[in-house]
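K.L.:
Provided herewith: coords-v4.csv, CSV, C-alpha atoms and all ligand atoms.
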```csv
chain,number,residue,atom,x,y,z
Q,38,MET,CA,-137.2,34.7,-20.3
Q,39,LYS,CA,-138.1,36.3,-17.0
Q,40,ILE,CA,-138.6,33.9,-14.1
Q,41,GLY,CA,-140.7,34.4,-11.0
Q,42,PHE,CA,-139.7,32.4,-7.8
Q,43,ILE,CA,-142.0,32.2,-4.8
Q,44,GLY,CA,-140.8,30.5,-1.6
Q,45,LEU,CA,-137.2,31.2,-0.6
Q,46,GLY,CA,-136.7,28.8,2.3
Q,47,ILE,CA,-133.9,26.2,2.5
Q,48,MET,CA,-134.7,24.7,-0.9
Q,49,GLY,CA,-136.2,27.6,-2.8
Q,50,SER,CA,-133.4,30.0,-2.0
Q,51,ARG,CA,-130.8,27.6,-3.4
Q,52,MET,CA,-132.8,26.6,-6.4
Q,53,ALA,CA,-133.4,30.3,-7.3
Q,54,ALA,CA,-129.7,31.0,-6.9
Q,55,ASN,CA,-128.9,28.3,-9.4
Q,56,LEU,CA,-131.3,29.8,-12.0
Q,57,GLN,CA,-129.6,33.1,-11.3
Q,58,LYS,CA,-126.1,31.6,-11.7
Q,59,HIS,CA,-127.2,30.4,-15.2
Q,60,GLY,CA,-127.9,33.9,-16.2
Q,61,HIS,CA,-131.7,34.1,-15.7
Q,62,SER,CA,-133.4,37.2,-14.6
Q,63,LEU,CA,-135.5,36.6,-11.5
Q,64,VAL,CA,-138.4,38.3,-9.8
Q,65,VAL,CA,-138.8,36.9,-6.3
Q,66,PHE,CA,-141.3,36.9,-3.5
Q,67,ASN,CA,-141.2,35.3,0.0
Q,68,ARG,CA,-143.4,35.7,3.0
Q,69,SER,CA,-140.3,36.8,5.0
Q,70,ARG,CA,-138.6,39.4,2.8
Q,71,GLU,CA,-135.1,39.1,4.4
Q,72,LYS,CA,-134.6,35.7,2.9
Q,73,ALA,CA,-134.6,37.3,-0.5
Q,74,ASN,CA,-131.6,39.6,0.3
Q,75,PRO,CA,-128.8,37.4,-1.1
Q,76,LEU,CA,-130.7,37.0,-4.4
Q,77,LEU,CA,-131.5,40.7,-4.5
Q,78,ALA,CA,-127.8,41.5,-4.0
Q,79,GLN,CA,-127.1,39.4,-7.2
Q,80,GLY,CA,-129.6,41.4,-9.2
Q,81,ALA,CA,-133.0,39.8,-8.6
Q,82,LYS,CA,-136.0,42.0,-8.4
Q,83,TRP,CA,-138.4,42.0,-5.4
Q,84,ALA,CA,-142.2,41.8,-5.9
Q,85,ASP,CA,-144.5,43.0,-3.1
Q,86,SER,CA,-146.9,40.1,-3.7
Q,87,PRO,CA,-147.4,37.0,-5.8
Q,88,ALA,CA,-149.8,39.0,-7.9
Q,89,ALA,CA,-147.3,41.7,-8.6
Q,90,LEU,CA,-144.7,39.1,-9.4
Q,91,ALA,CA,-147.0,37.4,-12.0
Q,92,GLU,CA,-147.4,40.7,-14.0
Q,93,GLN,CA,-143.6,40.6,-14.7
Q,94,VAL,CA,-142.7,37.1,-15.6
Q,95,ASP,CA,-143.1,34.3,-18.2
Q,96,VAL,CA,-142.9,31.4,-15.8
Q,97,ILE,CA,-143.4,31.0,-12.0
Q,98,PHE,CA,-141.7,28.5,-9.7
Q,99,THR,CA,-143.2,27.8,-6.3
Q,100,MET,CA,-141.3,26.1,-3.5
Q,101,LEU,CA,-143.5,26.4,-0.5
Q,102,ALA,CA,-143.9,24.5,2.7
Q,103,HIS,CA,-147.4,22.9,2.2
Q,104,PRO,CA,-150.6,22.9,0.2
Q,105,ASP,CA,-152.2,25.8,2.2
Q,106,ALA,CA,-149.2,28.0,1.4
Q,107,VAL,CA,-149.3,27.1,-2.2
Q,108,GLU,CA,-153.0,27.7,-2.5
Q,109,GLU,CA,-152.7,31.1,-0.8
Q,110,ALA,CA,-149.9,32.1,-3.2
Q,111,ALA,CA,-151.8,30.9,-6.2
Q,112,THR,CA,-155.4,31.8,-5.6
Q,113,GLY,CA,-155.5,33.9,-2.4
Q,114,LYS,CA,-156.3,37.6,-2.2
Q,115,GLU,CA,-153.0,38.5,-3.8
Q,116,GLY,CA,-152.5,35.3,-5.6
Q,117,PHE,CA,-150.6,35.0,-8.9
Q,118,LEU,CA,-152.9,32.9,-11.0
Q,119,SER,CA,-155.3,35.6,-12.1
Q,120,HIS,CA,-152.3,37.9,-13.0
Q,121,LEU,CA,-150.4,35.5,-15.3
Q,122,SER,CA,-151.1,36.0,-19.0
Q,123,PRO,CA,-152.6,33.0,-20.9
Q,124,GLY,CA,-150.1,30.5,-22.1
Q,125,ARG,CA,-147.6,31.2,-19.3
Q,126,MET,CA,-146.4,28.3,-17.1
Q,127,TRP,CA,-146.5,27.5,-13.3
Q,128,VAL,CA,-144.2,24.9,-12.0
Q,129,ASP,CA,-144.9,23.8,-8.4
Q,130,CYS,CA,-141.9,22.2,-6.8
Q,131,SER,CA,-143.4,22.0,-3.3
Q,132,THR,CA,-144.1,18.6,-1.8
Q,133,VAL,CA,-147.9,18.5,-1.8
Q,134,ASN,CA,-150.4,15.7,-2.1
Q,135,PRO,CA,-151.4,14.4,-5.6
Q,136,SER,CA,-155.1,15.3,-5.3
Q,137,PHE,CA,-154.1,18.9,-4.4
Q,138,SER,CA,-151.7,19.0,-7.3
Q,139,LYS,CA,-154.4,17.8,-9.7
Q,140,LYS,CA,-156.7,20.5,-8.4
Q,141,MET,CA,-154.1,23.2,-9.0
Q,142,ALA,CA,-153.5,21.8,-12.5
Q,143,ASP,CA,-157.3,22.1,-13.2
Q,144,VAL,CA,-157.4,25.7,-11.9
Q,145,ALA,CA,-154.4,26.6,-14.0
Q,146,ARG,CA,-156.0,24.9,-17.1
Q,147,SER,CA,-159.3,26.8,-16.6
Q,148,ARG,CA,-157.3,30.0,-16.9
Q,149,ASP,CA,-155.4,28.8,-20.0
Q,150,LEU,CA,-152.2,28.4,-18.1
Q,151,ARG,CA,-149.7,25.5,-18.3
Q,152,PHE,CA,-149.0,23.6,-15.1
Q,153,LEU,CA,-146.3,21.2,-14.0
Q,154,GLY,CA,-146.1,19.5,-10.6
Q,155,ALA,CA,-142.4,19.0,-10.1
Q,156,PRO,CA,-141.4,18.1,-6.6
Q,157,VAL,CA,-137.8,17.2,-5.9
Q,158,THR,CA,-135.6,14.6,-4.2
Q,159,GLY,CA,-132.4,15.9,-2.6
Q,160,SER,CA,-131.9,18.2,0.4
Q,161,LYS,CA,-129.9,21.3,1.1
Q,162,GLY,CA,-126.6,20.1,-0.4
Q,163,PRO,CA,-128.0,18.8,-3.8
Q,164,ALA,CA,-130.2,22.0,-4.0
Q,165,ALA,CA,-127.1,24.1,-3.6
Q,166,GLU,CA,-125.1,22.0,-6.1
Q,167,GLY,CA,-127.9,21.9,-8.7
Q,168,LYS,CA,-128.2,18.1,-8.3
Q,169,LEU,CA,-131.8,17.7,-7.4
Q,170,ILE,CA,-134.0,15.0,-9.0
Q,171,PHE,CA,-137.3,16.4,-10.4
Q,172,TRP,CA,-140.4,14.1,-10.4
Q,173,VAL,CA,-142.6,15.8,-13.0
Q,174,GLY,CA,-146.3,15.4,-13.6
Q,175,GLY,CA,-147.9,17.2,-16.5
Q,176,ALA,CA,-147.9,17.4,-20.3
Q,177,ALA,CA,-144.6,16.2,-22.0
Q,178,SER,CA,-144.6,19.3,-24.2
Q,179,ASP,CA,-144.7,21.6,-21.1
Q,180,LEU,CA,-141.9,19.6,-19.6
Q,181,GLU,CA,-139.8,20.0,-22.7
Q,182,ALA,CA,-140.4,23.8,-22.7
Q,183,CYS,CA,-139.3,23.9,-19.1
Q,184,ARG,CA,-136.5,21.4,-19.2
Q,185,PRO,CA,-133.6,23.9,-19.7
Q,186,LEU,CA,-134.7,25.7,-16.5
Q,187,LEU,CA,-135.0,22.4,-14.5
Q,188,GLU,CA,-131.5,21.5,-15.7
Q,189,CYS,CA,-130.2,24.6,-14.0
Q,190,MET,CA,-131.4,23.1,-10.7
Q,191,GLY,CA,-131.3,19.4,-11.1
Q,192,SER,CA,-129.2,16.5,-12.5
Q,193,ARG,CA,-132.1,14.2,-13.2
Q,194,ILE,CA,-135.5,14.9,-14.6
Q,195,VAL,CA,-138.1,12.2,-14.6
Q,196,HIS,CA,-141.4,12.5,-16.4
Q,197,CYS,CA,-143.8,10.4,-14.3
Q,198,GLY,CA,-147.0,11.0,-16.4
Q,199,GLY,CA,-149.9,13.4,-16.2
Q,200,PRO,CA,-150.8,15.9,-13.5
Q,201,GLY,CA,-150.3,14.6,-9.9
Q,202,THR,CA,-148.0,11.7,-10.9
Q,203,GLY,CA,-144.8,13.5,-9.9
Q,204,THR,CA,-146.3,14.4,-6.6
Q,205,ALA,CA,-147.6,10.9,-6.1
Q,206,LEU,CA,-144.1,9.4,-6.6
Q,207,LYS,CA,-142.6,12.0,-4.2
Q,208,MET,CA,-145.3,11.2,-1.7
Q,209,VAL,CA,-144.4,7.5,-1.7
Q,210,MET,CA,-140.7,8.3,-1.3
Q,211,ASN,CA,-141.3,10.5,1.8
Q,212,GLN,CA,-143.7,8.0,3.3
Q,213,LEU,CA,-140.9,5.5,3.1
Q,214,LEU,CA,-138.4,8.0,4.4
Q,215,GLY,CA,-140.4,8.9,7.4
Q,216,THR,CA,-141.5,5.4,8.4
Q,217,PHE,CA,-138.0,4.1,7.8
Q,218,LEU,CA,-136.2,6.8,9.8
Q,219,ALA,CA,-138.6,6.2,12.7
Q,220,ALA,CA,-138.0,2.4,12.6
Q,221,PHE,CA,-134.2,2.8,12.3
Q,222,SER,CA,-134.2,5.2,15.2
Q,223,GLU,CA,-136.2,2.7,17.3
Q,224,GLY,CA,-133.7,0.0,16.3
Q,225,LEU,CA,-130.8,2.1,17.5
Q,226,ILE,CA,-132.5,2.8,20.8
Q,227,LEU,CA,-133.3,-0.9,21.3
Q,228,GLY,CA,-129.7,-1.8,20.6
Q,229,GLU,CA,-128.4,0.7,23.1
Q,230,SER,CA,-130.8,-0.4,25.7
Q,231,LEU,CA,-129.6,-4.0,25.2
Q,232,GLY,CA,-126.1,-2.9,26.1
Q,233,ILE,CA,-124.4,-3.0,22.7
Q,234,SER,CA,-121.6,-0.4,22.7
Q,235,ARG,CA,-122.6,2.7,20.8
Q,236,GLU,CA,-119.5,2.4,18.6
Q,237,VAL,CA,-120.2,-1.2,17.6
Q,238,LEU,CA,-123.9,-0.5,17.1
Q,239,LEU,CA,-123.5,2.6,14.9
Q,240,GLU,CA,-120.8,1.0,12.8
Q,241,ALA,CA,-122.9,-2.2,12.3
Q,242,LEU,CA,-126.2,-0.5,11.6
Q,243,PHE,CA,-125.0,2.4,9.5
Q,244,ASN,CA,-122.8,0.2,7.4
Q,245,GLY,CA,-125.0,-2.8,7.2
Q,246,PRO,CA,-127.7,-3.8,4.8
Q,247,ALA,CA,-130.5,-2.3,6.9
Q,248,ALA,CA,-129.4,1.3,6.4
Q,249,ALA,CA,-130.8,3.0,3.4
Q,250,PRO,CA,-128.5,5.6,1.8
Q,251,PHE,CA,-130.4,8.6,3.1
Q,252,VAL,CA,-130.1,7.3,6.7
Q,253,ALA,CA,-126.3,6.9,6.3
Q,254,VAL,CA,-126.2,10.6,5.5
Q,255,LYS,CA,-127.6,11.3,9.0
Q,256,ARG,CA,-124.9,9.4,10.9
Q,257,GLN,CA,-122.9,12.4,11.9
Q,258,ARG,CA,-125.9,14.3,13.2
Q,259,ILE,CA,-127.0,11.3,15.2
Q,260,GLU,CA,-123.6,10.6,16.6
Q,261,THR,CA,-123.0,14.2,17.7
Q,262,ALA,CA,-126.7,14.9,18.6
Q,263,ASN,CA,-126.5,17.9,16.3
Q,264,TYR,CA,-129.9,18.6,14.8
Q,265,ALA,CA,-129.7,22.4,14.4
Q,266,GLN,CA,-129.8,24.2,11.1
Q,267,ALA,CA,-131.9,21.5,9.5
Q,268,ASP,CA,-131.3,20.1,6.0
Q,269,PHE,CA,-135.0,19.1,6.1
Q,270,ALA,CA,-137.1,20.3,9.0
Q,271,LEU,CA,-138.8,17.5,11.0
Q,272,ARG,CA,-142.2,19.3,10.8
Q,273,TRP,CA,-142.2,19.0,7.0
Q,274,LEU,CA,-141.6,15.3,7.1
Q,275,GLN,CA,-144.5,15.0,9.5
Q,276,LYS,CA,-146.5,17.0,7.0
Q,277,ASP,CA,-145.5,14.6,4.2
Q,278,LEU,CA,-146.6,11.6,6.4
Q,279,HIS,CA,-149.9,13.3,7.0
Q,280,LEU,CA,-150.3,14.0,3.2
Q,281,ALA,CA,-149.5,10.4,2.5
Q,282,ALA,CA,-152.2,9.4,5.0
Q,283,VAL,CA,-154.6,11.8,3.3
Q,284,SER,CA,-153.8,10.2,-0.1
Q,285,ALA,CA,-154.3,6.7,1.4
Q,286,TYR,CA,-157.7,7.8,2.7
Q,287,GLU,CA,-158.6,9.1,-0.7
Q,288,THR,CA,-157.6,5.9,-2.4
Q,289,GLY,CA,-158.9,3.5,0.2
Q,290,VAL,CA,-155.5,2.1,1.2
Q,291,ALA,CA,-154.6,1.3,4.8
Q,292,MET,CA,-151.3,2.5,6.1
Q,293,PRO,CA,-150.9,1.5,9.8
Q,294,LEU,CA,-147.1,1.9,9.9
Q,295,THR,CA,-147.2,5.3,8.2
Q,296,ASN,CA,-149.9,6.6,10.6
Q,297,ALA,CA,-147.9,5.4,13.6
Q,298,ALA,CA,-144.8,7.1,12.3
Q,299,LYS,CA,-146.8,10.3,11.6
Q,300,GLU,CA,-147.9,10.4,15.3
Q,301,LEU,CA,-144.4,9.8,16.5
Q,302,PHE,CA,-143.2,12.8,14.5
Q,303,ARG,CA,-146.1,14.8,15.9
Q,304,LEU,CA,-145.0,14.0,19.4
Q,305,ALA,CA,-141.5,15.2,18.6
Q,306,ILE,CA,-142.9,18.5,17.2
Q,307,ARG,CA,-145.0,19.0,20.3
Q,308,ASP,CA,-141.8,18.4,22.3
Q,309,GLY,CA,-140.1,21.3,20.4
Q,310,HIS,CA,-138.2,19.5,17.6
Q,311,GLY,CA,-140.2,20.8,14.6
Q,312,ASP,CA,-137.6,23.1,13.3
Q,313,GLU,CA,-134.7,20.6,13.9
Q,314,ASP,CA,-133.4,18.2,11.2
Q,315,ILE,CA,-135.5,15.1,10.6
Q,316,SER,CA,-132.8,13.1,12.3
Q,317,ALA,CA,-133.9,14.7,15.6
Q,318,ILE,CA,-136.5,11.9,15.7
Q,319,TYR,CA,-133.7,9.7,17.1
Q,320,GLY,CA,-132.8,12.4,19.6
Q,321,TYR,CA,-136.4,12.6,20.7
Q,322,LEU,CA,-136.7,8.9,21.2
Q,323,ALA,CA,-133.3,8.8,23.1
Q,324,ARG,CA,-134.4,11.5,25.5
Q,325,ASN,CA,-137.7,9.7,26.0
Q,326,ARG,CA,-135.7,6.5,26.8
Q,327,ASP,CA,-133.4,8.4,29.2
Q,328,ALA,CA,-136.4,10.0,31.0
Q,329,GLN,CA,-138.0,6.5,31.4
Q,330,SER,CA,-134.8,4.9,32.7
Q,331,THR,CA,-134.5,7.4,35.5
Q,332,SER,CA,-138.1,6.7,36.6
Q,333,GLY,CA,-137.6,2.9,36.4
Q,334,SER,CA,-138.6,0.3,33.8
Q,335,VAL,CA,-140.0,-3.2,33.7
Q,336,ALA,CA,-136.5,-4.6,33.1
Q,337,GLN,CA,-135.0,-3.1,36.3
Q,401,LIG,N1,-135.4,20.6,2.9
Q,401,LIG,C1,-135.5,19.4,2.2
Q,401,LIG,O1,-134.6,18.6,2.3
Q,401,LIG,C2,-136.5,19.2,1.2
Q,401,LIG,C3,-136.3,18.3,0.1
Q,401,LIG,C4,-137.3,18.0,-0.8
Q,401,LIG,C5,-138.5,18.7,-0.7
Q,401,LIG,N2,-138.7,19.6,0.3
Q,401,LIG,C6,-140.0,20.3,0.3
Q,401,LIG,O2,-139.8,21.6,-0.3
Q,401,LIG,C7,-140.7,22.5,0.3
Q,401,LIG,C8,-139.9,23.6,0.9
Q,401,LIG,O3,-139.1,23.1,2.0
Q,401,LIG,P1,-137.9,23.8,2.7
Q,401,LIG,O4,-137.0,22.8,3.2
Q,401,LIG,O5,-137.3,24.9,1.8
Q,401,LIG,O6,-138.7,24.5,3.9
Q,401,LIG,P2,-138.5,26.0,4.6
Q,401,LIG,O7,-137.1,26.3,4.6
Q,401,LIG,O8,-139.2,25.9,5.8
Q,401,LIG,O9,-139.2,27.0,3.6
Q,401,LIG,C9,-140.6,26.9,3.5
Q,401,LIG,C10,-141.1,28.0,2.5
Q,401,LIG,O10,-142.5,28.1,2.6
Q,401,LIG,C11,-142.9,29.4,3.1
Q,401,LIG,N3,-144.1,29.3,3.9
Q,401,LIG,C12,-144.2,28.4,5.0
Q,401,LIG,N4,-145.5,28.6,5.5
Q,401,LIG,C13,-146.1,29.5,4.8
Q,401,LIG,C14,-147.3,30.1,4.8
Q,401,LIG,N5,-148.3,29.8,5.7
Q,401,LIG,N6,-147.6,31.1,4.0
Q,401,LIG,C15,-146.7,31.5,3.0
Q,401,LIG,N7,-145.5,31.0,2.9
Q,401,LIG,C16,-145.2,30.0,3.8
Q,401,LIG,C17,-141.7,29.9,3.9
Q,401,LIG,O11,-141.8,31.3,4.0
Q,401,LIG,P3,-140.9,32.0,5.2
Q,401,LIG,O12,-139.5,32.1,4.7
Q,401,LIG,O13,-141.6,33.3,5.4
Q,401,LIG,O14,-141.1,31.1,6.4
Q,401,LIG,C18,-140.6,29.4,2.9
Q,401,LIG,O15,-140.5,30.2,1.8
Q,401,LIG,C19,-141.6,21.7,1.3
Q,401,LIG,O16,-142.7,21.3,0.6
Q,401,LIG,C20,-140.7,20.5,1.6
Q,401,LIG,O17,-141.5,19.4,2.0
Q,401,LIG,C21,-137.8,19.9,1.2
```
Represent the structure contained in this file as structure tokens.
Ligand SMILES: NC(=O)c1ccc[n+]([C@@H]2O[C@H](COP(=O)([O-])OP(=O)(O)OC[C@H]3O[C@@H](n4cnc5c(N)ncnc54)[C@H](OP(=O)(O)O)[C@@H]3O)[C@@H](O)[C@H]2O)c1

P.N.:
Amino acid sequence: MKIGFIGLGIMGSRMAANLQKHGHSLVVFNRSREKANPLLAQGAKWADSPAALAEQVDVIFTMLAHPDAVEEAATGKEGFLSHLSPGRMWVDCSTVNPSFSKKMADVARSRDLRFLGAPVTGSKGPAAEGKLIFWVGGAASDLEACRPLLECMGSRIVHCGGPGTGTALKMVMNQLLGTFLAAFSEGLILGESLGISREVLLEALFNGPAAAPFVAVKRQRIETANYAQADFALRWLQKDLHLAAVSAYETGVAMPLTNAAKELFRLAIRDGHGDEDISAIYGYLARNRDAQSTSGSVAQ
């Protein structure tokens, strides 16, 4: 089976490499060609466009930044959808909003193509180790056909239901991740401003009941103020909070906390932290506090 892979960023490059390690032939495309070089060196074939890729493969995986990038790759001028033969499958692993994923499922179905929305949990490390969790929305029979490929990249595969349901679950998770990380960072800043020693504070908060496991993973970055070479870029978590807000608007749900967190992440992006790791939200707040304390505060 020949596999097409579009989107070779932090996640896609590692996922594609795992398919390759399991002996699958790959045809790849990425907006910036140089990111394909390690895969090309291992025998993958380059396609000049998503359309050219589609002519050569049985199944396409996309792992792109946001809905606009996915839509362009699928239905844009050189999009792949109209070049895939009927019956072939498209698996979108990008984190997108459920209504968008359902729209893509409908477009695919109208062209007699099979579609799975299969976003993932797990960052750079699990992607490299083939230990991602896939949250899959789509027909059970399509998932079974695709399962051996997902097993090359992940250690857990959850069928959430029909189109859009995998994306919905992923959306809820990242909404929690973003709001929690913002709240946890504010807690650290408050503790520091109250004079608790940094050592005591970090030890207490990171090892206490208030720290979710994903935050504990960020301890070293926060302790050393090292946010470079992101595992997960801060701008994409802000994108997920935005897409969660879009989903809330569509369903009539109110999410005041999520929207506040979303705007906090936007401020951090505007301050130049978009490409840093998501943990840079703490760094942004800390710098903000330091700037305030040099200009005076109510407490002083
Ligand atoms: N990193 C994580 O921990 C993590 C975990 C789970 C899910 N995700 C999700 O996985 C997806 C990919 O994330 P990532 O961490 O791999 O991000 P990334 O390293 O920034 O890669 C993004 C990919 O999208 C492409 N892209 C971005 N904007 C584009 C545009 N306007 N047109 C065409 N292509 C575009 C990039 O192409 P270039 O190479 O040319 O920039 C790259 O291939 C996102 O939806 C993210 O939310 C990430």

K.L.:
Under the rule that all atoms listed in the file are counted, which of Q:Ala281, Q:Ile170, Q:Ile194, Q:Ala176 is the nearest residue to Arg146 of chain Q?

P.N.:
Q:Ala176

K.L.:
Could you give me, as a list of chain:residue names, the residues that have an atom at most 12 Å away from the point (-128.9, 27.4, 11.5) in the coordinates of the file, using only C-alpha atoms?

P.N.:
Q:Ile47, Q:Asn263, Q:Tyr264, Q:Ala265, Q:Gln266, Q:Ala267, Q:Asp268, Q:Phe269, Q:Ala270, Q:Asp312, Q:Glu313, Q:Asp314

K.L.:
Got a sec: who's within 10 Å of segment 182-186 of chain Q, counting all atoms listed in the file, leaving out chain neighbours fewer than 4 positions off, as a list in words?

P.N.:
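Once the adjacent positions are removed, what remains is Ile40, Asn55, Leu56, His59, His61, Val96, Met126, Trp127, Val128, Leu153, Ala177, Ser178, Met190, Gly191 and Ile194 of chain Q.
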
K.L.:
Starting from the point (-141.2, 9.5, 23.4), work out which residues of protein, DNA or RNA have an atom no more than 12 Å away when counting only C-alpha atoms; state them as a PDB file with C-alpha atoms, in the coordinates of the input.

P.N.:
```
ATOM      1  CA  ALA Q 219    -138.600   6.200  12.700  1.00  0.00           C
ATOM      2  CA  SER Q 222    -134.200   5.200  15.200  1.00  0.00           C
ATOM      3  CA  GLU Q 223    -136.200   2.700  17.300  1.00  0.00           C
ATOM      4  CA  ILE Q 226    -132.500   2.800  20.800  1.00  0.00           C
ATOM      5  CA  ALA Q 298    -144.800   7.100  12.300  1.00  0.00           C
ATOM      6  CA  GLU Q 300    -147.900  10.400  15.300  1.00  0.00           C
ATOM      7  CA  LEU Q 301    -144.400   9.800  16.500  1.00  0.00           C
ATOM      8  CA  PHE Q 302    -143.200  12.800  14.500  1.00  0.00           C
ATOM      9  CA  ARG Q 303    -146.100  14.800  15.900  1.00  0.00           C
ATOM     10  CA  LEU Q 304    -145.000  14.000  19.400  1.00  0.00           C
ATOM     11  CA  ALA Q 305    -141.500  15.200  18.600  1.00  0.00           C
ATOM     12  CA  ILE Q 306    -142.900  18.500  17.200  1.00  0.00           C
ATOM     13  CA  ARG Q 307    -145.000  19.000  20.300  1.00  0.00           C
ATOM     14  CA  ASP Q 308    -141.800  18.400  22.300  1.00  0.00           C
ATOM     15  CA  HIS Q 310    -138.200  19.500  17.600  1.00  0.00           C
ATOM     16  CA  ALA Q 317    -133.900  14.700  15.600  1.00  0.00           C
ATOM     17  CA  ILE Q 318    -136.500  11.900  15.700  1.00  0.00           C
ATOM     18  CA  TYR Q 319    -133.700   9.700  17.100  1.00  0.00           C
ATOM     19  CA  GLY Q 320    -132.800  12.400  19.600  1.00  0.00           C
ATOM     20  CA  TYR Q 321    -136.400  12.600  20.700  1.00  0.00           C
ATOM     21  CA  LEU Q 322    -136.700   8.900  21.200  1.00  0.00           C
ATOM     22  CA  ALA Q 323    -133.300   8.800  23.100  1.00  0.00           C
ATOM     23  CA  ARG Q 324    -134.400  11.500  25.500  1.00  0.00           C
ATOM     24  CA  ASN Q 325    -137.700   9.700  26.000  1.00  0.00           C
ATOM     25  CA  ARG Q 326    -135.700   6.500  26.800  1.00  0.00           C
ATOM     26  CA  ASP Q 327    -133.400   8.400  29.200  1.00  0.00           C
ATOM     27  CA  ALA Q 328    -136.400  10.000  31.000  1.00  0.00           C
ATOM     28  CA  GLN Q 329    -138.000   6.500  31.400  1.00  0.00           C
TER      29      GLN Q 329
END
```

K.L.:
Determine, counting only C-alpha atoms, which protein, DNA and RNA residues have an atom within 12 Å of an atom of Ala253 of chain Q; residues of the same chain fewer than 6 positions away are not included. Present the result as a PyMOL selection string.

P.N.:
chain Q and resi 218+221+239-247+259-260+316

K.L.:
Work out how far atom CA of Asp277 of chain Q is from atom CA of Val133 of chain Q, in Å to one decimal.

P.N.:
7.5 Å

K.L.:
Could you give me, as a PyMOL selection string, every polymer residue with an atom at most 8 Å away from an atom of ligand LIG 401 (chain Q), counting only C-alpha atoms and all ligand atoms?

P.N.:
chain Q and resi 43-50+67-70+72+100-103+105-107+109-110+130-133+156-161+267-270+273-274+276-277

K.L.:
What is the distance between atom CA of Phe66 of chain Q and atom CA of Val209 of chain Q, in Å to one decimal?

P.N.:
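The value is 29.6 Å.
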
K.L.:
In Å, rounded to a single decimal, give me how far atom CA of Val64 of chain Q is from atom CA of Lys82 of chain Q.

P.N.:
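Atom CA of Val64 of chain Q lies 4.6 Å from atom CA of Lys82 of chain Q.
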
K.L.:
For Pro293 of chain Q, which residue among Q:Gly201, Q:Asp149, Q:Pro123, Q:Gln212 is the nearest when counting all atoms listed in the file?

P.N.:
Q:Gln212

K.L.:
Considering only C-alpha atoms, state which residue in the set Q:Pro200, Q:Gly289, Q:Gly124, Q:Gly174 is at the smallest distance from Ala142 of chain Q.

P.N.:
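Ranked by minimum distance to Ala142 of chain Q, first place goes to Q:Pro200.
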
K.L.:
Would you pick out the contacts of Leu121 of chain Q at 8 Å or less, using only C-alpha atoms, so that residues sharing its chain but fewer than 2 positions from it are not included, and give the list as a list in words?

P.N.:
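My reading of the contact set: Ala91, Glu92, Val94, Asp95, Phe117, Leu118, Ser119, Pro123, Arg125 and Leu150 of chain Q.
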
K.L.:
Which one is closest to Pro135 of chain Q: Q:Met38, Q:Ala297, Q:Leu63, Q:Val173? Count all atoms listed in the file.

P.N.:
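Answer, going by the shortest atom-to-atom distance: Q:Val173.
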
K.L.:
Looking at all atoms listed in the file, which of Q:Val237, Q:Leu225, Q:Ile97, Q:Met141 is the one that sits closest to Lys39 of chain Q?

P.N.:
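Among Q:Val237, Q:Leu225, Q:Ile97, Q:Met141, it is Q:Ile97 that comes nearest to Lys39 of chain Q.
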
K.L.:
For a quick check of understanding, using only C-alpha atoms, which of Q:Leu77, Q:Leu278, Q:Ala88, Q:Ala54 has the smallest distance to Ala164 of chain Q?

P.N.:
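Comparing Q:Leu77, Q:Leu278, Q:Ala88, Q:Ala54 against Ala164 of chain Q, the winner is Q:Ala54.
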